[in-house]
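Colleague: Contents of entry.txt (compact mmCIF, C-alpha atoms and all ligand atoms) are given next:
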# COMPACT_ATOMS: atom_id res chain seq x y z
CA MET A 299 -135.91 245.18 -12.64
CA PRO A 300 -134.55 244.31 -16.11
CA GLU A 301 -130.79 243.86 -16.11
CA GLU A 302 -128.97 246.51 -18.22
CA ARG A 303 -125.94 245.79 -20.40
CA ASN A 304 -123.54 248.04 -22.25
CA ASP A 305 -122.04 245.48 -24.68
CA ALA A 306 -121.56 246.36 -28.34
CA LEU A 307 -124.04 244.32 -30.37
CA ALA A 308 -123.26 243.67 -34.05
CA PHE A 309 -126.38 243.20 -36.16
CA PHE A 310 -127.38 242.94 -39.81
CA LYS A 311 -130.46 244.33 -41.50
CA LEU A 312 -131.86 242.09 -44.25
CA GLU A 313 -135.01 242.01 -46.33
CA ALA A 314 -136.80 239.47 -48.46
CA LEU A 315 -139.60 240.86 -50.63
CA GLY A 316 -139.79 243.81 -48.23
CA ASN A 317 -140.35 241.57 -45.19
CA ASP A 318 -137.50 242.93 -43.06
CA PHE A 319 -135.26 241.46 -40.41
CA MET A 320 -132.61 242.27 -37.84
CA LEU A 321 -130.19 239.35 -37.64
CA VAL A 322 -127.93 238.71 -34.66
CA ASP A 323 -125.39 235.90 -34.67
CA ALA A 324 -125.53 234.61 -31.07
CA ARG A 325 -123.71 231.34 -31.68
CA GLN A 326 -120.75 232.51 -29.63
CA ARG A 327 -122.12 235.17 -27.31
CA ASP A 328 -124.70 235.70 -24.60
CA PHE A 329 -127.82 237.23 -26.08
CA GLU A 330 -131.22 236.86 -24.43
CA PRO A 331 -133.35 239.87 -25.43
CA GLY A 332 -136.66 240.21 -23.59
CA PRO A 333 -139.92 241.19 -25.37
CA GLY A 334 -139.56 244.86 -24.32
CA GLN A 335 -136.09 245.07 -25.84
CA VAL A 336 -137.28 243.44 -29.09
CA ARG A 337 -140.14 245.95 -29.35
CA GLN A 338 -137.70 248.84 -28.84
CA TRP A 339 -135.37 247.64 -31.62
CA ALA A 340 -138.35 246.89 -33.90
CA ASP A 341 -139.64 250.47 -33.62
CA ARG A 342 -139.25 252.12 -37.04
CA ARG A 343 -138.67 255.61 -35.57
CA ARG A 344 -136.83 254.91 -32.33
CA GLY A 345 -135.05 251.67 -33.17
CA VAL A 346 -133.66 249.63 -36.07
CA GLY A 347 -137.08 248.79 -37.51
CA PHE A 348 -138.05 245.27 -38.59
CA ASP A 349 -140.86 242.75 -38.84
CA GLN A 350 -138.82 239.97 -37.20
CA LEU A 351 -135.61 239.60 -35.19
CA LEU A 352 -133.72 236.45 -36.28
CA VAL A 353 -131.23 235.08 -33.77
CA LEU A 354 -128.73 232.44 -34.88
CA ARG A 355 -127.97 229.82 -32.21
CA PRO A 356 -125.92 226.62 -32.30
CA SER A 357 -128.00 223.57 -33.32
CA ASP A 358 -127.56 220.15 -31.78
CA ARG A 359 -129.62 218.47 -34.52
CA PRO A 360 -127.34 216.35 -36.70
CA GLY A 361 -126.62 217.91 -40.11
CA HIS A 362 -128.04 221.32 -39.18
CA HIS A 363 -125.89 224.40 -39.70
CA CYS A 364 -127.57 226.41 -36.93
CA ARG A 365 -130.88 227.06 -35.18
CA VAL A 366 -132.85 230.20 -36.01
CA GLU A 367 -134.88 231.75 -33.20
CA ILE A 368 -137.67 234.01 -34.48
CA HIS A 369 -139.03 237.03 -32.57
CA ASN A 370 -141.91 239.08 -33.94
CA ALA A 371 -141.84 242.90 -33.80
CA ASP A 372 -144.25 242.88 -30.84
CA GLY A 373 -141.85 240.72 -28.79
CA SER A 374 -143.80 237.45 -29.26
CA ARG A 375 -142.06 234.34 -30.59
CA ALA A 376 -142.80 232.51 -33.87
CA GLU A 377 -142.04 228.97 -34.98
CA GLN A 378 -141.37 229.64 -38.66
CA CYS A 379 -140.43 232.45 -41.06
CA GLY A 380 -140.21 231.58 -44.74
CA ASN A 381 -138.74 234.88 -45.97
CA GLY A 382 -136.39 234.94 -42.97
CA MET A 383 -134.94 231.54 -43.91
CA ARG A 384 -133.93 232.86 -47.34
CA ALA A 385 -132.38 235.93 -45.67
CA VAL A 386 -130.40 233.67 -43.30
CA ALA A 387 -129.24 231.51 -46.23
CA LEU A 388 -128.01 234.64 -48.03
CA TRP A 389 -126.22 235.93 -44.90
CA LEU A 390 -124.54 232.59 -44.18
CA SER A 391 -123.37 232.24 -47.75
CA ARG A 392 -122.06 235.84 -47.82
CA HIS A 393 -120.53 236.03 -44.35
CA GLU A 394 -119.06 232.67 -43.74
CA GLY A 395 -118.92 231.18 -47.20
CA ALA A 396 -121.34 228.53 -45.94
CA ARG A 397 -122.27 225.73 -48.32
CA HIS A 398 -124.98 226.70 -50.75
CA GLU A 399 -127.30 223.97 -49.48
CA LEU A 400 -128.01 224.07 -45.76
CA HIS A 401 -130.35 222.70 -43.14
CA LEU A 402 -131.61 225.25 -40.63
CA GLU A 403 -133.42 224.29 -37.43
CA THR A 404 -136.49 226.28 -36.35
CA ALA A 405 -139.14 225.70 -33.68
CA GLY A 406 -141.48 224.90 -36.61
CA GLY A 407 -139.25 222.20 -38.10
CA SER A 408 -136.23 221.75 -40.29
CA VAL A 409 -135.81 224.04 -43.34
CA GLU A 410 -133.59 223.19 -46.28
CA THR A 411 -132.21 226.25 -48.07
CA ARG A 412 -130.48 226.49 -51.42
CA TYR A 413 -128.65 229.70 -52.37
CA ARG A 414 -128.01 230.23 -56.11
CA SER A 415 -127.89 234.06 -56.23
CA ASP A 416 -129.44 236.92 -54.23
CA ASP A 417 -132.41 236.68 -56.61
CA GLU A 418 -132.79 232.93 -56.45
CA ILE A 419 -132.85 231.42 -52.99
CA SER A 420 -135.05 228.44 -52.16
CA ALA A 421 -136.41 227.40 -48.79
CA THR A 422 -138.12 224.03 -48.36
CA LEU A 423 -140.43 224.51 -45.40
CA GLY A 424 -141.83 221.02 -44.88
CA VAL A 425 -145.23 219.39 -45.37
CA PRO A 426 -148.28 221.69 -45.04
CA ASP A 427 -150.67 220.51 -42.31
CA PHE A 428 -154.36 221.22 -42.93
CA ASP A 429 -155.60 219.83 -39.61
CA PRO A 430 -157.30 222.69 -37.71
CA ARG A 431 -155.64 221.44 -34.50
CA ALA A 432 -152.23 222.21 -36.06
CA VAL A 433 -153.41 225.81 -36.41
CA GLY A 434 -154.59 225.86 -32.79
CA LEU A 435 -158.33 225.37 -33.44
CA ALA A 436 -159.14 222.47 -31.13
CA ASP A 437 -162.93 222.61 -31.67
CA THR A 438 -162.92 222.54 -35.50
CA PRO A 439 -163.10 219.16 -37.31
CA THR A 440 -162.15 220.44 -40.78
CA PHE A 441 -161.62 223.63 -42.75
CA PRO A 442 -163.33 225.78 -43.93
CA ARG A 443 -164.66 227.10 -40.66
CA ARG A 444 -167.18 229.92 -40.56
CA PHE A 445 -166.26 233.07 -38.59
CA THR A 446 -168.20 236.32 -38.25
CA VAL A 447 -166.10 239.42 -38.93
CA ASP A 448 -167.68 242.86 -38.59
CA GLY A 449 -171.13 241.36 -39.23
CA GLU A 450 -169.96 239.39 -42.29
CA GLU A 451 -169.87 235.57 -42.40
CA LEU A 452 -166.55 234.34 -43.78
CA ASP A 453 -165.52 230.81 -44.75
CA VAL A 454 -161.99 230.56 -43.45
CA HIS A 455 -159.37 228.02 -44.54
CA GLY A 456 -156.19 227.21 -42.68
CA ALA A 457 -152.84 225.45 -42.75
CA SER A 458 -149.79 225.15 -40.56
CA MET A 459 -146.37 225.65 -42.13
CA GLY A 460 -144.84 225.09 -38.68
CA ASN A 461 -146.63 228.33 -37.74
CA PRO A 462 -150.40 228.94 -37.94
CA HIS A 463 -152.11 230.52 -40.97
CA LEU A 464 -155.75 231.31 -41.75
CA LEU A 465 -156.84 232.21 -45.27
CA VAL A 466 -159.86 234.01 -46.71
CA ILE A 467 -160.41 233.69 -50.47
CA GLU A 468 -161.61 237.04 -51.83
CA ASP A 469 -163.15 238.11 -55.15
CA GLU A 470 -161.15 241.34 -55.30
CA GLU A 471 -157.99 242.64 -53.70
CA PRO A 472 -158.70 243.96 -50.19
CA GLY A 473 -157.88 247.54 -49.18
CA PRO A 474 -155.84 248.30 -46.04
CA ARG A 475 -158.95 248.74 -43.87
CA ARG A 476 -160.37 245.34 -44.74
CA LEU A 477 -156.98 243.67 -44.22
CA ASP A 478 -156.74 245.34 -40.82
CA ILE A 479 -160.25 244.37 -39.66
CA VAL A 480 -160.16 240.78 -40.96
CA GLY A 481 -156.54 240.32 -39.87
CA ARG A 482 -157.05 241.57 -36.33
CA THR A 483 -160.40 239.82 -35.80
CA LEU A 484 -159.38 236.40 -37.12
CA GLY A 485 -155.73 236.49 -36.02
CA GLY A 486 -156.62 237.36 -32.45
CA HIS A 487 -159.75 235.15 -32.23
CA ALA A 488 -160.30 233.67 -28.78
CA ASP A 489 -160.74 230.13 -30.21
CA LEU A 490 -157.14 230.07 -31.47
CA ALA A 491 -154.59 228.64 -29.04
CA HIS A 492 -151.73 230.94 -30.10
CA GLY A 493 -153.22 233.43 -32.58
CA ALA A 494 -152.60 233.14 -36.33
CA ASN A 495 -151.27 234.92 -39.37
CA VAL A 496 -154.15 235.88 -41.68
CA GLY A 497 -153.98 235.93 -45.48
CA LEU A 498 -156.49 237.39 -47.94
CA ALA A 499 -156.02 235.86 -51.37
CA VAL A 500 -157.39 236.57 -54.85
CA VAL A 501 -156.88 233.90 -57.54
CA GLU A 502 -155.88 235.72 -60.74
CA SER A 503 -155.15 232.71 -62.96
CA PRO A 504 -154.25 229.01 -62.50
CA HIS A 505 -150.64 229.98 -61.71
CA ARG A 506 -151.04 233.43 -60.10
CA VAL A 507 -152.41 234.49 -56.75
CA ARG A 508 -152.46 237.95 -55.20
CA LEU A 509 -152.04 237.92 -51.44
CA ARG A 510 -152.04 240.32 -48.49
CA VAL A 511 -150.99 239.02 -45.08
CA PHE A 512 -151.70 240.45 -41.65
CA GLU A 513 -148.92 238.81 -39.67
CA ARG A 514 -149.29 237.66 -36.10
CA GLY A 515 -147.02 239.89 -34.02
CA ALA A 516 -146.14 242.25 -36.87
CA GLY A 517 -149.38 243.41 -38.58
CA PRO A 518 -149.61 243.93 -42.36
CA THR A 519 -146.24 243.16 -43.96
CA LEU A 520 -145.03 243.64 -47.54
CA ALA A 521 -144.70 239.86 -47.84
CA CYS A 522 -144.88 236.71 -45.71
CA GLY A 523 -143.11 233.57 -46.93
CA SER A 524 -144.93 231.05 -44.76
CA GLY A 525 -148.20 232.92 -45.49
CA ALA A 526 -147.60 232.63 -49.25
CA SER A 527 -146.82 228.93 -48.75
CA ALA A 528 -149.98 228.30 -46.74
CA ALA A 529 -152.12 230.22 -49.28
CA ALA A 530 -150.66 228.33 -52.26
CA ALA A 531 -150.99 224.95 -50.50
CA ILE A 532 -154.63 225.60 -49.55
CA LEU A 533 -155.54 226.77 -53.07
CA LEU A 534 -153.68 223.83 -54.67
CA ARG A 535 -155.50 221.40 -52.40
CA LEU A 536 -158.84 223.00 -53.32
CA GLY A 537 -157.95 222.68 -57.02
CA ARG A 538 -158.18 226.46 -57.49
CA VAL A 539 -154.60 226.76 -58.84
CA GLU A 540 -151.85 224.58 -60.32
CA ALA A 541 -148.17 224.27 -59.31
CA PRO A 542 -145.94 226.22 -59.53
CA VAL A 543 -147.86 229.16 -58.10
CA GLU A 544 -146.61 232.75 -58.30
CA VAL A 545 -147.76 234.48 -55.13
CA ILE A 546 -147.74 238.24 -55.65
CA GLN A 547 -147.57 240.40 -52.55
CA PRO A 548 -146.90 244.18 -52.27
CA GLY A 549 -143.16 243.44 -51.80
CA GLY A 550 -142.85 241.17 -54.85
CA THR A 551 -143.36 237.65 -56.11
CA LEU A 552 -142.57 234.34 -54.42
CA VAL A 553 -142.76 231.11 -56.42
CA VAL A 554 -144.31 228.23 -54.46
CA ASN A 555 -144.04 224.64 -55.55
CA TRP A 556 -145.96 221.87 -53.80
CA PRO A 557 -146.36 218.50 -55.53
CA GLY A 558 -149.26 217.56 -53.22
CA ARG A 559 -150.36 215.56 -50.18
CA GLY A 560 -147.55 214.35 -47.92
CA GLN A 561 -144.88 216.20 -49.93
CA VAL A 562 -142.65 219.05 -48.84
CA LEU A 563 -143.28 222.57 -50.14
CA THR A 564 -140.55 224.78 -51.63
CA THR A 565 -140.51 228.56 -52.03
CA THR A 566 -138.11 230.47 -54.29
CA GLY A 567 -137.45 234.20 -54.22
CA PRO A 568 -134.90 236.92 -53.48
CA ALA A 569 -133.30 238.34 -50.34
CA ARG A 570 -130.95 241.29 -49.73
CA LEU A 571 -128.47 242.47 -47.13
CA VAL A 572 -129.49 246.11 -46.51
CA PHE A 573 -126.87 247.30 -43.98
CA GLU A 574 -124.94 246.25 -40.94
CA GLY A 575 -124.49 248.10 -37.70
CA VAL A 576 -123.40 248.04 -34.07
CA ILE A 577 -125.63 248.98 -31.16
CA ARG A 578 -123.44 250.57 -28.49
CA CYS A 579 -126.03 252.20 -26.28
CA ARG A 580 -127.49 250.49 -23.22
CA THR A 581 -129.69 247.52 -24.03
CA GLN A 582 -132.24 245.93 -21.73
CA ALA A 583 -131.78 242.23 -21.13
CA GLY A 584 -135.29 241.78 -19.70
N1 LIG B 1 -142.60 236.85 -42.05
C1 LIG B 1 -142.58 235.48 -41.81
C2 LIG B 1 -143.46 234.94 -40.72
C3 LIG B 1 -142.99 235.43 -39.35
C4 LIG B 1 -143.70 234.80 -38.18
C5 LIG B 1 -145.19 235.08 -38.10
N2 LIG B 1 -145.47 236.48 -37.91
C6 LIG B 1 -145.80 234.26 -36.96
O1 LIG B 1 -146.01 234.79 -35.86
O2 LIG B 1 -146.04 233.06 -37.17
C7 LIG B 1 -142.53 234.62 -43.06
O3 LIG B 1 -141.96 235.10 -44.05
O4 LIG B 1 -142.95 233.48 -43.02
Starting from the file, give its structure as structure tokens.
Ligand SMILES: N[C@@H](CCC[C@H](N)C(=O)O)C(=O)O
Modeller:
Amino acid sequence: MPEERNDALAFFKLEALGNDFMLVDARQRDFEPGPGQVRQWADRRRGVGFDQLLVLRPSDRPGHHCRVEIHNADGSRAEQCGNGMRAVALWLSRHEGARHELHLETAGGSVETRYRSDDEISATLGVPDFDPRAVGLADTPTFPRRFTVDGEELDVHGASMGNPHLLVIEDEEPGPRRLDIVGRTLGGHADLAHGANVGLAVVESPHRVRLRVFERGAGPTLACGSGASAAAAILLRLGRVEAPVEVIQPGGTLVVNWPGRGQVLTTTGPARLVFEGVIRCRTQAG
């Protein structure tokens, strides 16, 4: 039986390019939500509504301000969240006057954030990894790998930004049905060790890419920061675009800068605090 608690839980609702988050600062309190509880809070009619729950924890890595634990709306866990890191940087700067340059620890690696204004927050996510094994495809020597989706053969690219991303390069912007079919089929493919986020990208010009992402554990979102990073890195590596790359998603534009092989990748874009609240009703711990 899940344990039930009646504690008041302070939370903050944030968004970054329409990718939305519930943030809980658990650095000085007990907070261990189970997957069922996360799903209940994520529900847009019966809960708070969000794509990811971000939980701040103390970090024991030297020089790191805190650790960010990432829960997807379906209760699964994620290693990285590019938009979420900018939202955390905004919150830390606003709520505790934290330094404007911070290191945040995630399960997908260390992220360096730089807050200049709510419209200009950078997150350096690390070095993109194009090895299919980093994306959880043990049987694939190199990308692209061919997958069959709904009877169609697709050449699929991939990169890890700490979390796994697959990318299909399209000739025209996909509609919601295509995003859903390709996203579900590729993202949940049995050959992947832990599923993947799936991006569908259209190259508009050497510095502009249009992207839709079907996120692992959250479905189609208005924007995905690590997805935009993976898409830009893959297209830069293929020579299809040049840095910096503006990645345009339904929620807005993220600027991605990647100097190339072995170098870290930086994203720059906005974030907003939407509201704050307190949950006083019973919450399930399990
Ligand atoms: N919205 C995020 C990515 C969140 C995690 C992702 N769904 C996963 O499971 O890897 C972003 O902005 O990067």
Colleague: Compile the contact shell of Ala530 (chain A) as a PyMOL selection string: residues with an atom at most 12 Å away, counting all atoms listed in the file, same-chain residues fewer than 3 positions apart removed.
Modeller: chain A and resi 426+455-457+459+463+465+467+497-501+504-509+523-527+533-546+552-558+563-565
Colleague: First collect every listed atom of ligand LIG 1 (chain B); then fit an axis-aligned box around them, widen it by 3 Å on each side, and give centre and edge lengths in Å to one decimal, as JSON.
Modeller:
{"center_x": -144.0, "center_y": 235.0, "center_z": -40.0, "size_x": 10.1, "size_y": 9.8, "size_z": 14.2}
Colleague: Around ligand LIG 1 (chain B), which protein and nucleic acid residues have at least one atom no more than 6 Å from it, if we count all atoms listed in the file? List them as a VMD selection string.
Modeller: chain A and resid 370 376 378 to 382 461 495 513 to 516 522 to 525
Colleague: Using C-alpha atoms, can you export the residues from the last selection as a CSV table (one decimal), in the coordinates of the input?
Modeller:
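Final output, selection-v6.csv:
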chain,number,residue,atom,x,y,z
A,370,ASN,CA,-141.9,239.1,-33.9
A,376,ALA,CA,-142.8,232.5,-33.9
A,378,GLN,CA,-141.4,229.6,-38.7
A,379,CYS,CA,-140.4,232.4,-41.1
A,380,GLY,CA,-140.2,231.6,-44.7
A,381,ASN,CA,-138.7,234.9,-46.0
A,382,GLY,CA,-136.4,234.9,-43.0
A,461,ASN,CA,-146.6,228.3,-37.7
A,495,ASN,CA,-151.3,234.9,-39.4
A,513,GLU,CA,-148.9,238.8,-39.7
A,514,ARG,CA,-149.3,237.7,-36.1
A,515,GLY,CA,-147.0,239.9,-34.0
A,516,ALA,CA,-146.1,242.2,-36.9
A,522,CYS,CA,-144.9,236.7,-45.7
A,523,GLY,CA,-143.1,233.6,-46.9
A,524,SER,CA,-144.9,231.0,-44.8
A,525,GLY,CA,-148.2,232.9,-45.5
Colleague: Using all atoms listed in the file, pick whichever of A:His401, A:His393, A:Arg431, A:Arg344 has the shortest atom-to-atom distance to Arg359 (chain A).
Modeller: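 Comparing A:His401, A:His393, A:Arg431, A:Arg344 against Arg359 (chain A), the winner is A:His401.
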Colleague: Between CA of Glu377 (chain A) and CA of Arg444 (chain A), what is the distance, to one decimal in Å?
Modeller: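 Rounded to one decimal, the two atoms are 25.8 Å apart.
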Colleague: By how many Å are CA of Leu352 (chain A) and CA of Thr404 (chain A) apart?
Modeller: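 Between CA of Leu352 (chain A) and CA of Thr404 (chain A) the gap is 10.5 Å.
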Colleague: Give me, please, the distance in Å between CA of Ala324 (chain A) and CA of Trp389 (chain A), quoted to one decimal.
Modeller: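 Calculated distance between CA of Ala324 (chain A) and CA of Trp389 (chain A) is 13.9 Å.
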Colleague: Might you pull out every residue within 9 Å of Val433 (chain A), with only C-alpha atoms counted and same-chain residues fewer than 6 positions away left off, and present them as an MDAnalysis selection string?
Modeller: chainID A and resid 427 456:458 460:464 490:494
Colleague: Return the single residue from A:Ala421, A:Val322, A:Leu390, A:Ala340 that is closest to Glu367 (chain A), with distances computed using all atoms listed in the file.
Modeller: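 Smallest separation from Glu367 (chain A) among the options: A:Val322.
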Colleague: Residues at most 12 Å from region 446-448 of chain A, counting only C-alpha atoms, excluding those fewer than 2 positions away in the same chain, as a PyMOL selection string?
Modeller: chain A and resi 443-444+450-454+466+475-487
Colleague: List the spatial neighbours of region 305-320 of chain A as an MDAnalysis selection string - criterion: any atom at most 8 Å away, only C-alpha atoms, same-chain residues fewer than 2 positions off excluded.
Modeller: chainID A and resid 303 322:323 346:352 381:382 384:385 519:522 549:551 567:581
Colleague: Write out as a list in words the residues lying within 6 Å of Val409 (chain A), counting all atoms listed in the file and excluding same-chain residues fewer than 3 positions away.
Modeller: His401, Leu402, Thr422 and Leu423 of chain A
Colleague: Choose the residue, out of A:Asp489, A:Glu410, A:Glu502, A:Asp416, that has the smallest atom-to-atom separation from Gly361 (chain A); count only C-alpha atoms.
Modeller: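 When distances to Gly361 (chain A) are compared using only C-alpha atoms, the smallest one comes from A:Glu410.
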Colleague: What residues have an atom no more than 8 Å from (-126.1, 226.6, -49.1) in the file's own frame, counting all atoms listed in the file, and can you write them as a PyMOL selection string?
Modeller: chain A and resi 387+390-391+396-400+411-413
